[in-house]
Amino acid sequence: MKGRVLIVAGSDSGGGAGIQADIKAVTALGGFAMTAITALTAQNTEGVHGVLPIPTEFIRQQMEVVLRDLGADALKTGMLHDSPTISAVCDALPPGIPLVADPVMVAKGGHPLLQPDAVETLKRRLIPRATLITPNLPEAEVLTGLRITAEAEMLAAMPALLALGAEAVLLKGGHLDGPVLVDLLGTPEGIIRFEDTRIETRHTHGTGCTLASAIAAGLAQALPLAEAVARARRYVRAAILAAPGFGRGHGPLNHAVTLDLARIG
C-alpha cells in the first residue's frame, strides 16, 4: 500500500459519492485513505434529503490529529458547504503537500452543496492553495462568470480558471451533449486533451468525487499530474461500465473494479 491521502469532504449515506466513494477509490488504487468529515448527508441515488454540518473546530481537529500522527502524501477536498468550513480547512492545510480540490457545488440530483456566499471564499482561500482543481462545466461557469456550452468555450475559459491561482485545472466536459466526452487539463505550459466515447447510463453518481480522489491517489504515489489524471479517468470509466445497477436514480459506480490494477494501472 503506497500513498497516504487525507480526504476532507462530506459523507454520503448511500455510499456512492462523498467520503465513501473517496475511500473506495483511493483503496482500489493501492493508496491509504484517511478522512476529515465536513458534513453528514441523508442521501440515496434519488437525491440529498438532509445535511448535518460538522462543527468547524472538529473538522480542524480531525485534520490535525491525522496529519500529526499519520502524515499525508496528498490531500483531496470535496464538499465544503460554507465559508467558515472553507476557512477552517484552509487554516489546517499543511504546506508543501499536493492538494486536489473538487469545487463541489451541487449534488447530481440538483441539491445545492455550497452556499452561494461561500463561492468567493472558495476562490480566495482554497483554490490558490490547490495543485489541481476539477470543476465540471456548471461549476466552472460559477467560478468564472462565463457561459460554457462547447469545447471551444472550454478552451476559452481555461485562462480565467488558471487565473484563480491553482497550479492546474481539469475542466470536465461531461455536461456537453454529443457522443464524445472531452476533458481538458490546463497548466501554464499548455493544455492536454482527453477524449472518450460517452457511456449512456444513469449510473454516474459520485463520478466527480471518485475522479478527484483517484487523481489524489496518483499524486500521493508520485505519478506526474498528467499520468495521475489519465489513470484516474481510466479507473472511473471502468467503474461506470461495471456499475452494479443499484437504486432508482443516479446509481453508484463499482469502485472495486480497480482492484484489477494490472488492467488499468
# chains A, B, ... in the order shown; residues from 1 in each chain; ligands from 1
$ residues_around --residues "stretch 182-198 of chain A" --least-positions-apart "2" --cutoff "7 Å" --atoms "only C-alpha atoms" --output "count of residues only"
11
$ residues_around --residues "A:Arg231" --least-positions-apart "6" --cutoff "10 Å" --atoms "only C-alpha atoms" --output "NGL selection string"
:A and (29 or 211 or 214-215 or 218 or 223 or 225 or 237 or 264-265)
$ write_last_selection --atoms "N, CA, C and O atoms" --output "short mmCIF file (atom, residue, chain, number, x, y, z; two decimals), in the first residue's frame"
data_model
loop_
_atom_site.label_atom_id
_atom_site.label_comp_id
_atom_site.auth_asym_id
_atom_site.auth_seq_id
_atom_site.Cartn_x
_atom_site.Cartn_y
_atom_site.Cartn_z
N LEU A 29 -6.96 1.86 -5.75
CA LEU A 29 -5.76 2.20 -6.50
C LEU A 29 -4.49 2.00 -5.68
O LEU A 29 -3.41 2.47 -6.06
N LEU A 211 -13.24 10.62 -9.29
CA LEU A 211 -12.15 11.05 -10.15
C LEU A 211 -11.12 11.87 -9.37
O LEU A 211 -9.91 11.63 -9.48
N ALA A 214 -9.14 9.66 -7.06
CA ALA A 214 -8.24 8.80 -7.81
C ALA A 214 -7.02 9.58 -8.28
O ALA A 214 -5.89 9.06 -8.27
N ILE A 215 -7.20 10.83 -8.67
CA ILE A 215 -6.07 11.67 -9.05
C ILE A 215 -5.18 11.92 -7.84
O ILE A 215 -3.94 11.85 -7.92
N GLY A 218 -2.97 9.09 -7.19
CA GLY A 218 -1.84 9.09 -8.10
C GLY A 218 -0.75 10.06 -7.69
O GLY A 218 0.45 9.73 -7.72
N LEU A 223 3.04 9.92 -9.07
CA LEU A 223 2.83 9.97 -10.50
C LEU A 223 2.85 11.43 -10.97
O LEU A 223 2.36 12.31 -10.27
N LEU A 225 1.41 14.64 -12.88
CA LEU A 225 0.00 15.02 -12.90
C LEU A 225 -0.75 14.44 -14.08
O LEU A 225 -1.85 13.88 -13.92
N ARG A 237 -13.93 5.28 -15.76
CA ARG A 237 -14.63 4.69 -16.89
C ARG A 237 -14.91 3.20 -16.65
O ARG A 237 -16.02 2.71 -16.88
N ILE A 264 -5.64 -1.46 -15.44
CA ILE A 264 -5.80 -0.02 -15.57
C ILE A 264 -4.64 0.78 -15.01
O ILE A 264 -4.60 1.97 -15.12
N GLY A 265 -3.67 0.13 -14.37
CA GLY A 265 -2.62 0.88 -13.70
C GLY A 265 -1.64 1.54 -14.65
O GLY A 265 -1.64 1.31 -15.83
#
$ residues_around --residues "stretch 79-92 of chain A" --least-positions-apart "5" --cutoff "10 Å" --atoms "only C-alpha atoms" --output "VMD selection string"
chain A and resid 8 to 11 18 to 19 36 to 39 51 53 to 64 67 101 to 107 112 to 122 124 to 127 129 209
$ closest_atom_pairs --of "stretch 57-98 of chain A" --to "stretch 134-147 of chain A" --cutoff "12 Å" --atoms "only C-alpha atoms" --output "JSON lines"
{"residue": "A:Lys76", "atom": "CA", "partner": "A:Thr134", "partner_atom": "CA", "distance": 10.7}
{"residue": "A:Thr77", "atom": "CA", "partner": "A:Thr134", "partner_atom": "CA", "distance": 10.5}
{"residue": "A:Gly78", "atom": "CA", "partner": "A:Thr134", "partner_atom": "CA", "distance": 10.0}
$ residues_around --residues "A:Thr149" --least-positions-apart "6" --cutoff "9 Å" --atoms "only C-alpha atoms" --output "tab-separated table (two decimals) with all heavy atoms, in the first residue's frame"
chain	number	residue	atom	x	y	z
A	137	LEU	N	-18.59	21.68	-15.83
A	137	LEU	CA	-18.91	22.91	-16.55
A	137	LEU	C	-19.79	23.88	-15.75
A	137	LEU	O	-19.51	25.08	-15.74
A	137	LEU	CB	-19.55	22.58	-17.90
A	137	LEU	CG	-18.64	21.82	-18.88
A	137	LEU	CD1	-19.30	21.73	-20.24
A	137	LEU	CD2	-17.26	22.44	-18.98
A	175	HIS	N	-20.95	17.56	-19.15
A	175	HIS	CA	-22.26	18.19	-19.31
A	175	HIS	C	-22.56	18.60	-20.74
A	175	HIS	O	-23.69	19.02	-21.03
A	175	HIS	CB	-22.37	19.41	-18.39
A	175	HIS	CG	-22.59	19.06	-16.94
A	175	HIS	ND1	-21.57	18.62	-16.12
A	175	HIS	CD2	-23.71	19.06	-16.18
A	175	HIS	CE1	-22.05	18.39	-14.91
A	175	HIS	NE2	-23.34	18.64	-14.92
A	176	LEU	N	-21.57	18.51	-21.63
A	176	LEU	CA	-21.86	18.83	-23.03
A	176	LEU	C	-22.62	17.68	-23.68
A	176	LEU	O	-22.50	16.53	-23.28
A	176	LEU	CB	-20.56	19.07	-23.79
A	176	LEU	CG	-19.70	20.25	-23.36
A	176	LEU	CD1	-18.48	20.37	-24.27
A	176	LEU	CD2	-20.49	21.55	-23.35
A	177	ASP	N	-23.39	17.99	-24.71
A	177	ASP	CA	-24.11	16.97	-25.46
A	177	ASP	C	-23.19	16.32	-26.49
A	177	ASP	O	-22.14	16.86	-26.84
A	177	ASP	CB	-25.31	17.58	-26.18
A	177	ASP	CG	-26.37	18.11	-25.21
A	177	ASP	OD1	-26.51	17.50	-24.12
A	177	ASP	OD2	-27.02	19.12	-25.54
$ closest_residue --among "A:Arg233, A:His203, A:Ile148, A:Ala212" --to "A:Ile133" --atoms "only C-alpha atoms"
A:Ala212
$ closest_residue --among "A:Leu161, A:Leu241, A:Ala226, A:Ala152" --to "A:Lys123" --atoms "only C-alpha atoms"
A:Leu161
